[in-house]
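**Q** Pasting a structure below so you can have a look.
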Amino acid sequence: MQVDASEDKPLLWALREDLGLLGSKYGCGIAQCGACSVLINGVSTPSCVTPIGDVTGASVVTVEGLAAADGKLSVVQQAWIDEQVPQCGFCQPGFLIAVMALLEQTSQPTDAEIDEAVTNICRCGTYPRIRRAIHRAASARPQD
Amino acid sequence: MACFLSRRSFLLTGAAMGGTAMVAAMAGAGYLAAVDMDGPDGFVADDRAVLNAFVTLHDDGRVVVQVPRTEMGQGIHTGLAMLVAEELDIPFDDRISVEHPVEQLAVYANYSGPLRTRPENMHGPLMWTAKRVLSLLPLMNTAGSTSTMGLWFPLRSAGAAARHMLLTAGATRLGVPAEEVTTSGGFVHHAGSGRRIAYGELAREAALVPPPRDPALKPASAWRVIGRSQTRVDIPAKVRGEPVFGADVVLPGMLHAAIRQPPVFGAGITRVRNESEVRAQPGVLDVAVIEGRGVAVVAGSWWQAELAATRLDIDWAATEAELINSAMLASALQAALHGGEAHVHLEQGEVEPAFRPGAAQVVEATYTAPFVAHACMEPMNATVLIRGDGTAEAWCSSQSPLSMRWGVNRGAGWAGVDPSSVTCHVTMAGGAFGRRSEVDVVAQAAFLAARHRGRPVKLMWSREEDIGRGVFRSHAGARLRAALGPDGLPAAYDALVAAQALQQSALRRNLPLDIGGSPNGDRFTAEGLDKSYYAFPGRRVRSRHVPSHVPIGFWRSNGYSFNTFFAESFLDKCALAADQDPLSYRRALLRDSPRHLAVLNRMAALAGWGVPMSPGRGRGIAIEAAYESVVAQVAEVTVATDGEIRVDRVICVIDVGTVVNPDAVIAQTEGGILFGVTTALMSAITLDAGSVMESNFHDFPMQRLADAPDIVVEIIPSDLPPGGAGEPGIVPVAAAIANAIHAATGRRFRSLPLAVTETTGERRTRSVLRDHAA
């Protein structure tokens with residue numbers, strides 16, 4: 001995909017304004033809340049402070065890219081439904097991205113590993129369900 | 001009384017109540033004919049049949065429920081649609097979807113908030129008139145935990161009326177008497193012949209059946225949807241990143257705007273020093289001073305607008321408020337607690353005599369709480385289009401389409417434009433917590449839209465504007481005293497609270513007219529302080545208004561959020577002064593309040609109250625009745641020797657009356673608890689030189705996953721009508737934590753927040769009790 005914008009434009013705004021991908025959210029603009037997180041070459045990264053000039057040639061996955069091409073939800077998304085995680089849902093795309101990255105690295109994370117990896121902010125207070133959904137997704141994922 | 005179903009029943013009701021003449025005199029002749037107070041009669045359009053204001057049926061059997069309340073995370077679209085499904089006698093499945101109506105019908109009004117009652121209980125000419133005034137606006141706000149309370153009867157009635165219309169249409173089609181047909185699974189059945197017809201096939205005929213005036217509702221014993229957890233209708237889209245929040249509204253030709261508002265509340269704008277420089281930035285189309293309230297940059301993209309706004313060099317007008325800092329505001333609170341005229345909210349039994357010197361053991365303490373921000377994850381934003389023909393349209397994640405309309409009219413008015421109509425689209429809201437009842441961002445966007453007629457303008461505040469430019473929950477202080485009787489229980493309880501009045505501040509800012517009103521006796525200032533369910537022979541509650549330049553707004557649980565911290569911390573202090581266990585002490589005080597006692601007892605059992613804890617750990621208890629619900633919590637904390645405080649677990653038992661969607665009540669309670677833990681340990685808005693010092697999540701921090709306690713929530717079954725569920729969860733948390741800290745350490749913290757937040761790494765913090773903080 002190609003974007004015609006200044007190199008210092010944050011990836012978040014290129015996604016939202018130039019590519020029409022509105023799933024990644026602006027929450028703070030200073031890499032504090034994680035609502036804008038996307039996978040860059042598999043690593044969960046705050047797109048609000050990542051200039052697009054830095055991601056030339058990189059693989060970028062947003063929340064819109066988590067389901068399969070046929071629309072089938074990823075294991076993590078399904079776990080989010082099964083545990084009825086979202087409340088307002090504004091921060092959840094960032095959480096889903098952070099958890100995708102975590103489970104790629106650590107297929108059966110401990111609570112401590114979850115605490116270390118998932119540092120986004122949810123104002124509605126969905127944390128207990130997020131933790132349960134991560135464990136559910138970890139046990140549902142195909143093991144390699 | 002059928003309060004909404006058709007004009008016909010309204011006219012009957014109106015005549016019966018004898019209030020017609022009064023309203024006609026108030027609103028002018030022709031009022032009754034012009035305003036269809038009780039919602040539209042059924043009609044057919046395209047592939048759908050509108051059975052009433054809430055229920056639309058499609059030919060293929062899909063049911064669209066119009067839910068006139070904002071979905072801001074609380075699951076209200078699901079809960080209210082469940083009521084329709086129940087009475088329509090269909091399972092809560094994929095055939096049901098929810099829309100927030102665009103049309104602002106009288107029948108959608110929220111009576112429960114302002115009138116503090118339920119539609120089904122509104123009798124008499126006074127209520128009749130008040131209801132009609134609210135309908136006329138119509139006030140359809142989502143606030144005060146009122147949505148289920150207020151629509152519990154209307155939405156079930158709408159479903160039952162629709163079912164009645166389907167039965168009638170089915171019987172007619174089958175050529176059998178109406179009493180021989182019944183419904184199940186989305187069909188009208190005729191047992192005698194074994195024939196059945198799907199709802200979708202009957203929809204068009206049903207829409208033309210006269211609605212029943214007073215449809216019978218199912219008895220609770222027949223419920224199959226209500227009371228059973230249903231998966232939320234909004235969640236599948238939310239895991240795909242699909243919902244359209246206000247911030248995600250995209251319209252053809254849309255312009256984007258960013259804003260800078262005065263750092264000192266109320267300061268105006270003298271001039272923009274470098275307007276031409278900012279106008280020359282990439283993509284910038286306009287730099288506009290908004291009626292002394294802010295300077296906006298309009299550009300082709302928000303990123304361009306915000307980047308250009310960072311360059312703005314603005315001369316803010318000087319005001320006296322720039323001398324004000326947090327210490328001065330705190331002194332004003334303290335002064336109010338120790339002198340001046342107080343408004344008496346309540347005085348029962350003997351109070352002053354009980355405190356005579358030597359008469360009893362007197363316990364007395366003073367508590368404080370700071371200003372706090374909402375910090376909704378979706379920053380404030382609104383999109384407004386004002387067309388060349390004078391019509392206006394607005395899109396906003398608002399809690400109140402009425403506020404949106406007022407906001408558009410106000411902002412357009414600043415630009416000399418008077419819209420001929422305003423159409424309001426309420427989007428999904430990324431958190432709200434009271435903040436999105438304000439007209440502010442809508443008015444600003446409308447002003448910009450009036451300068452760019454024919455093009456939608458989306459204004460979004462940066463996070464720094466959101467946290468640093470208000471509105472806030474008031475700071476507050478309380479002086480509490482109790483005269484303990486021979487049994488150690490308070491013979492008299494005397495509470496004085498000082499805070500900045502919420503109602504006057506909010507109404508002055510948001511209503512189209514300043515209706516004045518006294519800030520004294522503000523009910524939000526005193527709510528939660530009377531502890532009416534405790535058996536105190538003498539009781540007095542007073543308040544004092546403490547004015548400041550800081551704008552005060554509705555904030556999840558308002559006065560309860562500080563008053564319950566004050567009063568339940570104080571109750572613990574009384575128990576210990578009487579050398580009694582805090583649980584037993586409360587049990588004794590709840591001797592006349594069986595509903596509260598049941599909640600408390602269940603919670604004590606669930607929490608293992610009395611089981612010894614290891615050193616450095618403690619358990620604290622608190623209870624409150626709020627929004628017609630009762631909620632009790634035990635917090636378990638660990639305090640390290642260096643003062644680090646962790647809330648390990650919160651056990652909560654809640655009685656919300658009849659439960660519609662149990663899992664949603666649990667989710668709201670969990671969320672309220674976490675909101676409360678953040679507020680108790682971490683949240684404070686401070687001021688220096690008249691300006692807010694906090695600006696973003698690094699200095700207005702939140703609990704994160706690593707910090708979050710385990711939470712156990714249990715619902716007590718009840719057959720009372722539904723109470724509120726959105727706010728009770730937050731209410732007792734701070735007191736339960738403070739009481740637990742006392743149990744763990746012997747130290748009593750009487751000011752919120754209880755701790756200071758230290759940064760320990762990237763997006764990692766810890767909370768350290770105030771007396772240990774560096």
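A note on labels: chains of the structure tokens are A, B, ... as shown, every chain counts residues from 1, and ligands are counted from 1 in their shown order.
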Could you build a table of the residues in stretch 36-55 of chain A lying no more than 12 Å from stretch 103-126 of chain A, giving for each the nearest pair of atoms and their separation in Å rounded to one decimal place, using only C-alpha atoms, ordered by chain and ascending residue number, as JSON lines?
**A**
```
{"residue": "A:Cys36", "atom": "CA", "partner": "A:Asn120", "partner_atom": "CA", "distance": 9.7}
{"residue": "A:Ser37", "atom": "CA", "partner": "A:Asn120", "partner_atom": "CA", "distance": 8.9}
{"residue": "A:Leu39", "atom": "CA", "partner": "A:Glu104", "partner_atom": "CA", "distance": 11.1}
{"residue": "A:Asn41", "atom": "CA", "partner": "A:Glu104", "partner_atom": "CA", "distance": 11.6}
{"residue": "A:Gly42", "atom": "CA", "partner": "A:Glu104", "partner_atom": "CA", "distance": 8.0}
{"residue": "A:Val43", "atom": "CA", "partner": "A:Glu104", "partner_atom": "CA", "distance": 9.4}
{"residue": "A:Ser44", "atom": "CA", "partner": "A:Ala117", "partner_atom": "CA", "distance": 9.4}
{"residue": "A:Thr45", "atom": "CA", "partner": "A:Asn120", "partner_atom": "CA", "distance": 11.1}
{"residue": "A:Pro46", "atom": "CA", "partner": "A:Asn120", "partner_atom": "CA", "distance": 10.0}
```
**Q** May I have the residues from that selection written out with C-alpha atoms, as a compact mmCIF listing (two decimals), in the first residue's frame?
**A**
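So selection-v4.txt came out as:
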```
# COMPACT_ATOMS: atom_id res chain seq x y z
CA CYS A 36 -3.37 3.40 18.37
CA SER A 37 -1.29 0.19 18.57
CA LEU A 39 1.69 -4.58 14.52
CA ASN A 41 6.68 -6.52 11.54
CA GLY A 42 4.83 -8.38 14.29
CA VAL A 43 5.71 -5.96 17.09
CA SER A 44 2.96 -4.01 18.86
CA THR A 45 3.86 -0.37 18.28
CA PRO A 46 2.11 2.92 19.12
```
**Q** Would you give me, as a list in words, the residues of chain B that come within 6 Å of chain A, using only C-alpha atoms?
**A**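 Within 6 Å of chain A on chain B, we get Met72, Gly73, Lys238, Val239, Arg240, Gly241, Met377, Gly430, Gly431, Arg463, Gly671, Leu674, Arg704, Leu705 and Ala706 of chain B.
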**Q** Can you pull out every residue within 7 Å of stretch 43-52 of chain B, counting only C-alpha atoms, but drop anything in the same chain fewer than 4 positions away, and send it as a PyMOL selection string?
**A** chain B and resi 56-59+158+162+203-204+207-208
**Q** Env of B:Ala336: 8 Å cut, atoms = only C-alpha atoms, seq-sep filter 2 positions within chain, self excluded. Answer as a PyMOL selection string.
**A** chain B and resi 332-334+338-340+498+544-546
**Q** As a PyMOL selection string, please: every residue in stretch 435-465 of chain B that DSSP puts in alpha helix (DSSP H).
**A** chain B and resi 440-451+463-465
**Q** Quote the spacing between atom CA of B:Gly294 and atom CA of B:Arg435 in Å to one decimal place.
**A**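 So the two atoms, atom CA of B:Gly294 and atom CA of B:Arg435, lie 18.7 Å apart.
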**Q** Near B:Val272, counting only C-alpha atoms, which residues have an atom at most 12 Å away, once you skip same-chain residues fewer than 2 positions from it, shown as a compact mmCIF listing (two decimals) with C-alpha atoms, in the first residue's frame?
**A**
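Below you can see part17.txt, which holds the result:
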```txt
# COMPACT_ATOMS: atom_id res chain seq x y z
CA ARG B 260 -6.56 25.66 21.80
CA GLY B 268 -10.73 35.34 26.90
CA ILE B 269 -8.51 35.81 23.88
CA THR B 270 -6.87 39.14 23.19
CA ASN B 274 0.93 34.80 14.41
CA GLU B 275 -2.30 34.14 12.54
CA SER B 276 -0.77 34.57 9.10
CA GLU B 277 2.07 32.19 9.95
CA VAL B 278 -0.41 29.51 11.07
CA ARG B 279 -2.61 30.07 8.05
CA VAL B 287 -7.85 30.19 11.85
CA ALA B 288 -10.86 31.22 13.88
CA VAL B 289 -11.33 32.78 17.29
CA ILE B 290 -14.41 31.11 18.73
CA GLY B 292 -13.51 34.16 23.23
CA GLY B 294 -10.73 29.18 21.96
CA VAL B 295 -8.77 29.44 18.76
CA ALA B 296 -9.44 26.78 16.15
CA VAL B 297 -7.39 25.78 13.15
CA ALA B 309 -2.39 24.56 16.28
CA ARG B 311 2.31 26.79 16.50
CA LEU B 312 -0.43 29.16 17.64
CA ASP B 313 0.90 32.06 19.69
CA ILE B 314 -2.10 33.41 21.54
CA ASP B 315 -2.43 36.33 23.94
CA TRP B 316 -4.95 35.13 26.49
CA ALA B 317 -6.79 37.88 28.28
```
**Q** When distances are computed from only C-alpha atoms, which of A:Leu11, A:Ile97, A:Val75, A:Leu19 shows the smallest separation from A:Ile52?
**A** A:Leu11
**Q** If I take atom CA of B:Tyr585 and atom CA of B:Ala369, how far is one from the other in Å, to one decimal?
**A**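 Going from atom CA of B:Tyr585 over to atom CA of B:Ala369 covers 25.5 Å.
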